[in-house]
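Content type mmCIF, C-alpha atoms, from the file start-v2.cif:
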data_run
#
loop_
_atom_site.label_atom_id
_atom_site.label_comp_id
_atom_site.auth_asym_id
_atom_site.auth_seq_id
_atom_site.Cartn_x
_atom_site.Cartn_y
_atom_site.Cartn_z
CA MET A 1218 104.59 -10.64 38.00
CA TRP A 1219 106.18 -9.67 34.73
CA ALA A 1220 107.08 -13.30 34.05
CA ASP A 1221 103.40 -14.23 34.29
CA ARG A 1222 102.43 -11.61 31.71
CA ALA A 1223 105.20 -12.68 29.39
CA VAL A 1224 103.98 -16.17 29.05
CA GLY A 1225 100.31 -15.08 28.78
CA VAL A 1226 99.17 -16.55 31.99
CA ALA A 1227 96.12 -14.66 33.22
CA HIS A 1228 96.36 -13.12 36.58
CA PRO A 1229 93.83 -14.66 38.97
CA PHE A 1230 92.30 -11.25 39.75
CA ARG A 1231 91.84 -10.52 36.08
CA ARG A 1232 90.14 -13.85 35.47
CA ARG A 1233 87.68 -13.15 38.24
CA ARG A 1234 86.99 -9.70 36.79
CA ILE A 1235 86.30 -11.13 33.34
CA VAL A 1236 83.94 -13.70 34.83
CA VAL A 1237 82.12 -11.05 36.82
CA LEU A 1238 81.77 -8.78 33.80
CA SER A 1239 80.38 -11.64 31.74
CA ILE A 1240 77.81 -12.38 34.41
CA VAL A 1241 76.79 -8.69 34.62
CA ILE A 1242 76.51 -8.31 30.85
CA SER A 1243 74.45 -11.49 30.61
CA GLY A 1244 72.17 -10.19 33.33
CA LEU A 1245 71.71 -6.85 31.58
CA ALA A 1246 70.86 -8.59 28.30
CA ALA A 1247 68.35 -10.83 30.01
CA GLY A 1248 66.78 -7.82 31.74
CA ALA A 1249 66.51 -5.97 28.46
CA VAL A 1250 64.77 -8.96 26.89
CA ALA A 1251 62.37 -9.18 29.80
CA ALA A 1252 61.63 -5.44 29.60
CA GLY A 1253 60.90 -5.75 25.90
CA ALA A 1254 58.45 -8.53 26.55
CA LEU A 1255 56.59 -6.34 29.06
CA THR A 1256 56.48 -3.23 26.88
CA GLY A 1257 56.11 -4.86 23.48
CA GLU A 1258 59.35 -3.22 22.31
CA THR A 1259 62.20 -5.01 20.61
CA ALA A 1260 65.17 -5.33 23.00
CA PRO A 1261 68.27 -3.51 21.67
CA PRO A 1262 71.29 -5.70 21.04
CA VAL A 1263 73.88 -5.75 23.82
CA VAL A 1264 77.41 -5.37 22.55
CA GLY A 1265 79.72 -8.10 23.69
CA SER A 1266 76.91 -10.17 25.11
CA ALA A 1267 76.91 -13.87 24.74
CA VAL A 1268 73.11 -13.78 24.61
CA ALA A 1269 71.60 -13.22 21.16
CA PRO A 1270 68.99 -10.43 20.98
CA THR A 1271 65.36 -11.63 20.95
CA LEU A 1272 62.54 -9.91 18.90
CA ILE A 1273 59.12 -9.71 20.65
CA ALA A 1274 56.17 -9.06 18.26
CA ARG A 1275 53.50 -6.52 19.31
CA ALA A 1276 50.10 -8.18 19.72
CA GLU A 1277 47.52 -6.75 17.26
CA PRO A 1278 43.70 -7.02 17.77
CA SER A 1279 41.91 -9.40 15.42
CA PRO A 1280 39.92 -7.52 12.73
CA THR A 1281 36.09 -7.61 13.04
CA PRO A 1282 34.65 -9.55 10.09
CA THR A 1283 32.34 -7.51 7.79
CA PRO A 1284 28.93 -9.17 7.35
CA PRO A 1285 28.16 -10.01 3.74
CA ARG A 1286 25.72 -7.72 1.91
CA ALA A 1287 22.37 -9.11 0.87
CA ALA A 1288 22.03 -9.61 -2.84
CA PRO A 1289 19.68 -7.04 -4.51
CA THR A 1290 16.20 -8.37 -5.06
CA GLY A 1291 15.01 -5.78 -7.62
CA SER A 1292 12.58 -2.87 -7.32
CA PRO A 1293 9.46 -3.44 -5.16
CA GLU A 1294 6.19 -3.80 -6.98
CA PRO A 1295 4.09 -0.61 -6.88
CA ALA A 1296 1.04 -0.75 -4.63
CA VAL A 1297 -2.17 -1.42 -6.53
CA MET A 1298 -4.82 1.12 -5.60
CA PRO A 1299 -8.36 -0.22 -5.69
CA THR A 1300 -10.55 1.39 -8.33
CA PHE A 1301 -14.20 2.26 -7.90
CA ASP A 1302 -16.44 -0.39 -9.47
CA ARG A 1303 -18.98 1.56 -11.50
CA SER A 1304 -20.77 -1.64 -12.46
CA ALA A 1305 -21.42 -2.74 -8.88
CA ARG A 1306 -25.09 -1.73 -9.06
CA SER A 1307 -27.63 -1.49 -11.82
CA LEU A 1308 -28.37 1.88 -13.41
CA ASP A 1309 -31.64 0.59 -14.90
CA ASP A 1310 -33.31 -1.39 -12.12
CA PRO A 1311 -35.75 1.03 -10.40
CA ALA A 1312 -35.00 -0.69 -7.07
CA SER A 1313 -31.26 0.03 -7.35
CA LEU A 1314 -29.75 2.86 -5.29
CA TRP A 1315 -27.85 3.90 -8.41
CA VAL A 1316 -30.76 3.93 -10.83
CA VAL A 1317 -30.42 6.88 -13.20
CA VAL A 1318 -33.76 8.52 -13.97
CA ASP A 1319 -33.94 11.47 -16.34
CA LYS A 1320 -35.89 12.67 -19.38
CA THR A 1321 -34.40 9.97 -21.59
CA ARG A 1322 -34.32 7.20 -18.98
CA PRO A 1323 -37.87 6.63 -17.64
CA LEU A 1324 -38.60 4.14 -14.91
CA ASN A 1325 -39.43 0.61 -15.99
CA PRO A 1326 -42.23 0.00 -15.27
CA PHE A 1327 -43.61 3.53 -15.49
CA ASP A 1328 -45.74 3.03 -12.39
CA TYR A 1329 -42.95 1.54 -10.26
CA ALA A 1330 -43.48 1.77 -6.48
CA PRO A 1331 -40.85 0.89 -3.85
CA THR A 1332 -41.64 -1.94 -1.45
CA ASP A 1333 -39.72 -0.65 1.57
CA LEU A 1334 -41.17 2.82 2.09
CA VAL A 1335 -41.22 4.15 5.66
CA ASP A 1336 -42.24 7.38 7.32
CA VAL A 1337 -39.30 9.75 7.81
CA PRO A 1338 -39.25 11.08 11.41
CA VAL A 1339 -38.14 14.65 10.69
CA ALA A 1340 -39.83 18.05 10.66
CA HIS A 1341 -41.85 18.50 7.48
CA VAL A 1342 -44.36 20.46 5.44
CA TRP A 1343 -45.97 17.34 3.97
CA SER A 1344 -45.62 14.01 5.76
CA PRO A 1345 -42.60 12.39 4.05
CA GLN A 1346 -41.92 8.81 3.07
CA LEU A 1347 -38.68 7.36 1.68
CA ARG A 1348 -37.09 3.98 1.25
CA ARG A 1349 -35.74 2.81 4.60
CA GLU A 1350 -32.03 3.40 3.89
CA ALA A 1351 -32.71 6.88 2.53
CA SER A 1352 -34.92 7.66 5.52
CA ASP A 1353 -32.18 6.71 8.00
CA ALA A 1354 -29.69 8.86 6.07
CA THR A 1355 -32.09 11.81 6.13
CA VAL A 1356 -32.44 11.60 9.90
CA ALA A 1357 -28.64 11.54 10.26
CA LEU A 1358 -28.25 14.51 7.91
CA PHE A 1359 -30.84 16.63 9.71
CA SER A 1360 -29.32 15.79 13.09
CA ALA A 1361 -25.77 16.69 11.95
CA PHE A 1362 -26.97 19.94 10.41
CA GLU A 1363 -28.65 21.05 13.63
CA ALA A 1364 -25.63 20.03 15.74
CA GLU A 1365 -23.15 21.83 13.49
CA THR A 1366 -25.11 25.00 12.76
CA GLY A 1367 -27.72 25.41 15.48
CA LEU A 1368 -30.34 25.85 12.70
CA LYS A 1369 -33.13 23.56 11.56
CA LEU A 1370 -34.28 21.88 8.34
CA GLN A 1371 -37.57 20.39 7.22
CA SER A 1372 -38.71 18.04 4.50
CA HIS A 1373 -40.80 19.78 1.88
CA SER A 1374 -41.55 16.79 -0.36
CA ALA A 1375 -40.28 13.21 -0.59
CA TYR A 1376 -41.81 10.10 -2.23
CA ARG A 1377 -44.48 10.74 -4.83
CA SER A 1378 -46.33 7.91 -6.52
CA PHE A 1379 -46.95 7.77 -10.27
CA ALA A 1380 -50.50 8.96 -9.68
CA ALA A 1381 -49.35 11.83 -7.48
CA GLN A 1382 -46.81 12.87 -10.12
CA VAL A 1383 -49.56 12.98 -12.73
CA MET A 1384 -51.41 15.54 -10.64
CA VAL A 1385 -48.29 17.64 -9.94
CA TYR A 1386 -47.23 17.73 -13.59
CA ASP A 1387 -50.71 18.49 -14.90
CA ALA A 1388 -51.07 21.35 -12.42
CA ASP A 1389 -47.75 22.84 -13.56
CA VAL A 1390 -48.75 22.58 -17.22
CA ALA A 1391 -52.11 24.19 -16.50
CA ALA A 1392 -50.49 27.06 -14.62
CA ASN A 1393 -47.38 27.69 -16.76
CA GLY A 1394 -47.67 25.78 -20.03
CA GLN A 1395 -45.95 22.54 -21.00
CA ALA A 1396 -42.70 24.12 -22.21
CA PHE A 1397 -42.11 25.72 -18.84
CA ALA A 1398 -43.42 22.72 -16.89
CA ASP A 1399 -40.86 20.46 -18.61
CA THR A 1400 -38.03 22.57 -17.19
CA SER A 1401 -39.25 22.33 -13.62
CA THR A 1402 -41.45 19.24 -13.17
CA ALA A 1403 -40.75 15.70 -14.36
CA ARG A 1404 -43.32 13.96 -16.45
CA PRO A 1405 -44.94 10.95 -14.70
CA GLY A 1406 -42.64 7.92 -14.91
CA THR A 1407 -39.45 10.04 -15.12
CA SER A 1408 -39.43 11.58 -11.64
CA GLU A 1409 -36.76 10.74 -9.07
CA HIS A 1410 -39.37 11.29 -6.38
CA GLN A 1411 -41.13 8.14 -7.62
CA THR A 1412 -38.04 6.05 -6.70
CA GLY A 1413 -38.42 6.86 -3.00
CA LEU A 1414 -34.82 8.13 -3.02
CA ALA A 1415 -35.33 11.88 -3.53
CA ILE A 1416 -36.24 14.59 -1.06
CA ASP A 1417 -36.85 18.33 -1.32
CA ILE A 1418 -35.44 20.13 1.73
CA SER A 1419 -36.22 23.61 3.03
CA ALA A 1420 -35.28 25.74 6.01
CA LEU A 1421 -37.30 25.76 9.22
CA PRO A 1422 -38.82 28.29 9.37
CA GLY A 1423 -39.13 28.51 5.62
CA ILE A 1424 -36.73 30.76 3.70
CA CYS A 1425 -36.67 30.66 -0.11
CA SER A 1426 -38.49 27.32 -0.09
CA LEU A 1427 -38.36 25.60 -3.51
CA ASP A 1428 -36.60 28.65 -4.95
CA ALA A 1429 -33.12 29.15 -6.39
CA CYS A 1430 -32.32 31.64 -3.60
CA PHE A 1431 -32.34 28.71 -1.16
CA GLY A 1432 -28.81 28.03 -2.41
CA ASP A 1433 -27.65 31.30 -0.82
CA THR A 1434 -29.08 30.54 2.62
CA PRO A 1435 -26.97 28.96 5.40
CA GLN A 1436 -29.12 25.85 5.00
CA GLY A 1437 -28.60 25.61 1.26
CA GLN A 1438 -24.87 26.25 1.48
CA TRP A 1439 -24.36 23.64 4.20
CA LEU A 1440 -26.34 21.06 2.23
CA ALA A 1441 -24.36 21.74 -0.95
CA GLY A 1442 -21.09 21.21 0.91
CA ASN A 1443 -22.02 18.36 3.24
CA ALA A 1444 -24.89 16.27 1.87
CA TRP A 1445 -22.41 13.84 0.24
CA ARG A 1446 -21.24 12.78 3.71
CA PHE A 1447 -24.64 11.18 4.22
CA GLY A 1448 -24.99 9.65 0.75
CA PHE A 1449 -26.91 12.48 -0.96
CA LEU A 1450 -26.28 14.24 -4.26
CA LEU A 1451 -27.43 17.74 -5.20
CA ARG A 1452 -29.07 16.40 -8.35
CA TYR A 1453 -29.68 19.56 -10.40
CA PRO A 1454 -26.73 22.00 -10.16
CA ALA A 1455 -26.93 25.47 -11.71
CA ASP A 1456 -24.24 24.82 -14.33
CA LYS A 1457 -25.51 21.41 -15.48
CA VAL A 1458 -28.90 22.28 -17.01
CA ALA A 1459 -27.77 21.09 -20.45
CA ILE A 1460 -27.05 17.66 -18.96
CA THR A 1461 -29.87 17.15 -16.46
CA GLY A 1462 -32.58 19.00 -18.40
CA TYR A 1463 -33.75 20.85 -15.28
CA GLY A 1464 -33.12 24.30 -13.87
CA TYR A 1465 -31.12 24.86 -10.70
CA GLU A 1466 -32.80 23.17 -7.72
CA PRO A 1467 -30.64 23.65 -4.61
CA TRP A 1468 -33.35 21.98 -2.54
CA HIS A 1469 -33.56 18.67 -4.45
CA PHE A 1470 -31.30 15.91 -3.10
CA ARG A 1471 -31.10 12.36 -4.33
CA TYR A 1472 -29.92 9.50 -2.12
CA ILE A 1473 -27.27 7.37 -3.88
CA GLY A 1474 -25.47 5.83 -0.88
CA THR A 1475 -22.29 6.98 0.84
CA GLU A 1476 -20.00 4.89 -1.37
CA LEU A 1477 -21.05 6.52 -4.63
CA ALA A 1478 -21.54 9.96 -3.08
CA THR A 1479 -18.00 9.88 -1.65
CA GLU A 1480 -16.51 8.83 -4.98
CA MET A 1481 -18.34 11.54 -6.89
CA HIS A 1482 -17.26 14.12 -4.34
CA ALA A 1483 -13.63 12.94 -4.51
CA THR A 1484 -13.57 13.07 -8.31
CA GLY A 1485 -15.44 16.37 -8.52
CA THR A 1486 -18.22 14.88 -10.65
CA ALA A 1487 -21.54 16.69 -10.31
CA THR A 1488 -24.07 14.54 -12.21
CA LEU A 1489 -24.90 10.87 -12.50
CA GLU A 1490 -24.92 11.17 -16.28
CA GLU A 1491 -21.32 12.38 -16.33
CA PHE A 1492 -20.07 9.93 -13.74
CA PHE A 1493 -21.49 6.89 -15.52
CA GLY A 1494 -20.80 8.17 -19.04
CA LEU A 1495 -24.47 8.40 -20.00
CA PRO A 1496 -25.93 10.72 -22.64
CA ALA A 1497 -27.07 14.16 -21.56
CA ALA A 1498 -30.82 14.52 -21.15
CA PRO A 1499 -31.76 18.12 -21.98
CA GLY A 1500 -35.18 17.10 -23.31
CA TYR A 1501 -37.59 14.26 -23.86
CA HIS A 1502 -37.40 12.04 -26.93
#
Spell out the structure here as structure tokens.
Amino acid sequence: MWADRAVGVAHPFRRRRIVVLSIVISGLAAGAVAAGALTGETAPPVVGSAVAPTLIARAEPSPTPTPPRAAPTGSPEPAVMPTFDRSARSLDDPASLWVVVDKTRPLNPFDYAPTDLVDVPVAHVWSPQLRREASDATVALFSAFEAETGLKLQSHSAYRSFAAQVMVYDADVAANGQAFADTSTARPGTSEHQTGLAIDISALPGICSLDACFGDTPQGQWLAGNAWRFGFLLRYPADKVAITGYGYEPWHFRYIGTELATEMHATGTATLEEFFGLPAAPGYH
């Protein structure tokens, strides 16, 4: 046995042991590599192994692409609000719903008479007539008033012809003098009643009929606040005498159509003269 060692001849048992160890080490290295592949870890190097260590990269998820941003298109254009067309109807034509009649703007012709007058089917003192559109609006106004308040209205005066206005004005002059009459009654040819678009309204039963105190009644207050809904304008307000030329008449309403009445209400404009930029009419020329 010693002779074998001296000459470096490997003992058979030792050779088998070396071979077995090599096989075991190779198996351990291979197992470590396999385990790294399963866990995503890098297998540690095996000392003395004949197998080189293998690096296994961890799989990373692909990044989600970011959608491109839209290029700015600039500020949006501001919305264009429609403006009220004040030239849509004539202010001079006596047949126009917007005709402006006052002490400086007489009707042309003086004896103008509407062609579409109809009887107004409402309660009344004197049988009323108005132009058809104004008549329909009056019926709607009276009906809404009764439904909303439980009270009643009546027509006191509506269309008056040129000839009828002559008699009314002359009677006022005879009773009170011309100076006073000109503050309360239009001269023939300058009366809104002659257009067939004006109506004097009173309570039913009568309370403060054709008197300034009508403005303090439930009927007068409702009319002042709601007549615009039906196309009517309280034509002679208390604080506009210097413009209209007439004293306060909370009973006198002029039909101008819902379009114009709504615009005047929205802008807080009380008189036709102010709304259309016309001269004040405190007196006759």
### Task
Excluding His1410 of chain A and any residue of its chain fewer than 4 positions from it, enumerate the residues within 8 Å of it, using all atoms listed in the file, and give them as number ranges by chain.
A: 1375-1378, 1414-1416
### Message
If we count only C-alpha atoms and set the cut-off at 12 Å, which residues sit around Phe1397 of chain A, ignoring sequence neighbours fewer than 4 positions away in its own chain? Please answer as a PyMOL selection string.
### Response
chain A and resi 1386-1393+1401-1403+1462-1464+1500
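You will find atom CA of Gly1494 of chain A at 14.7 Å from atom CA of Arg1306 of chain A.
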#### Entry: Nearby residues (only C-alpha atoms) at most 12 Å from Ser1304 of chain A, same-chain spacing under 6 positions excluded, as a ChimeraX atom specification
/A:1313,1315-1316,1477,1492-1494
### Message
Here's a test: counting all atoms listed in the file, identify every protein, DNA and RNA residue with an atom at most 9 Å from (-18.0, 7.5, 3.0) in the file's coordinate frame, and state them as number ranges by chain.
### Response
A: 1445-1448, 1474-1480
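The smallest atom-to-atom distance between Gly1432 of chain A and any of A:Trp1468, A:Ala1398, A:Ala1420, A:Arg1452, using all atoms listed in the file, is found for A:Trp1468.
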### Query
For the file shown, what are the residues hit by the PyMOL selection byres ((chain A and resi 1339) around 12), laid out as a ChimeraX atom specification?
/A:1336-1338,1340-1347,1352-1360,1363,1369-1375,1416,1418-1419,1421
Where is the centre and how long are the edges: axis-aligned box on segment 1454-1457 of chain A, 3 Å on each side, Å to one decimal, as AutoDock Vina command-line options:
--center_x -25.6 --center_y 23.4 --center_z -12.8 --size_x 8.7 --size_y 10.1 --size_z 11.3
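Our summary of the geometry notes that atom CA of Gly1442 of chain A is positioned 9.6 Å from atom CA of His1482 of chain A.
One finds atom CA of Pro1435 of chain A at 26.9 Å from atom CA of Ile1460 of chain A.
Here the question is which of A:Ala1361, A:Gly1394, A:Ala1312, A:Phe1431 gets nearest to Ala1444 of chain A using all atoms listed in the file, and that residue is A:Ala1361.
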### Message
At a cut-off of 8 Å, using all atoms listed in the file, what residues contact Leu1451 of chain A? Leave out same-chain residues fewer than 4 positions from it and give the result as a ChimeraX atom specification.
### Response
/A:1441,1444,1467-1471,1487
Given the PyMOL selection byres ((chain A and resi 1459) around 12) and the file above, list the residues it selects as a PDB file with C-alpha atoms, in the frame of the given file.
ATOM      1  CA  LYS A1320     -35.890  12.670 -19.380  1.00  0.00           C
ATOM      2  CA  THR A1400     -38.030  22.570 -17.190  1.00  0.00           C
ATOM      3  CA  TYR A1453     -29.680  19.560 -10.400  1.00  0.00           C
ATOM      4  CA  PRO A1454     -26.730  22.000 -10.160  1.00  0.00           C
ATOM      5  CA  ALA A1455     -26.930  25.470 -11.710  1.00  0.00           C
ATOM      6  CA  ASP A1456     -24.240  24.820 -14.330  1.00  0.00           C
ATOM      7  CA  LYS A1457     -25.510  21.410 -15.480  1.00  0.00           C
ATOM      8  CA  VAL A1458     -28.900  22.280 -17.010  1.00  0.00           C
ATOM      9  CA  ILE A1460     -27.050  17.660 -18.960  1.00  0.00           C
ATOM     10  CA  THR A1461     -29.870  17.150 -16.460  1.00  0.00           C
ATOM     11  CA  GLY A1462     -32.580  19.000 -18.400  1.00  0.00           C
ATOM     12  CA  TYR A1463     -33.750  20.850 -15.280  1.00  0.00           C
ATOM     13  CA  GLY A1464     -33.120  24.300 -13.870  1.00  0.00           C
ATOM     14  CA  TYR A1465     -31.120  24.860 -10.700  1.00  0.00           C
ATOM     15  CA  THR A1488     -24.070  14.540 -12.210  1.00  0.00           C
ATOM     16  CA  GLU A1490     -24.920  11.170 -16.280  1.00  0.00           C
ATOM     17  CA  GLU A1491     -21.320  12.380 -16.330  1.00  0.00           C
ATOM     18  CA  PRO A1496     -25.930  10.720 -22.640  1.00  0.00           C
ATOM     19  CA  ALA A1497     -27.070  14.160 -21.560  1.00  0.00           C
ATOM     20  CA  ALA A1498     -30.820  14.520 -21.150  1.00  0.00           C
ATOM     21  CA  PRO A1499     -31.760  18.120 -21.980  1.00  0.00           C
ATOM     22  CA  GLY A1500     -35.180  17.100 -23.310  1.00  0.00           C
TER      23      GLY A1500
END
### Task
Kindly resolve the PyMOL selection byres ((chain A and resi 1329) around 9) on the present coordinates and return the residues as number ranges by chain.
A: 1311-1312, 1324-1328, 1330-1331, 1378-1379, 1406, 1411-1412
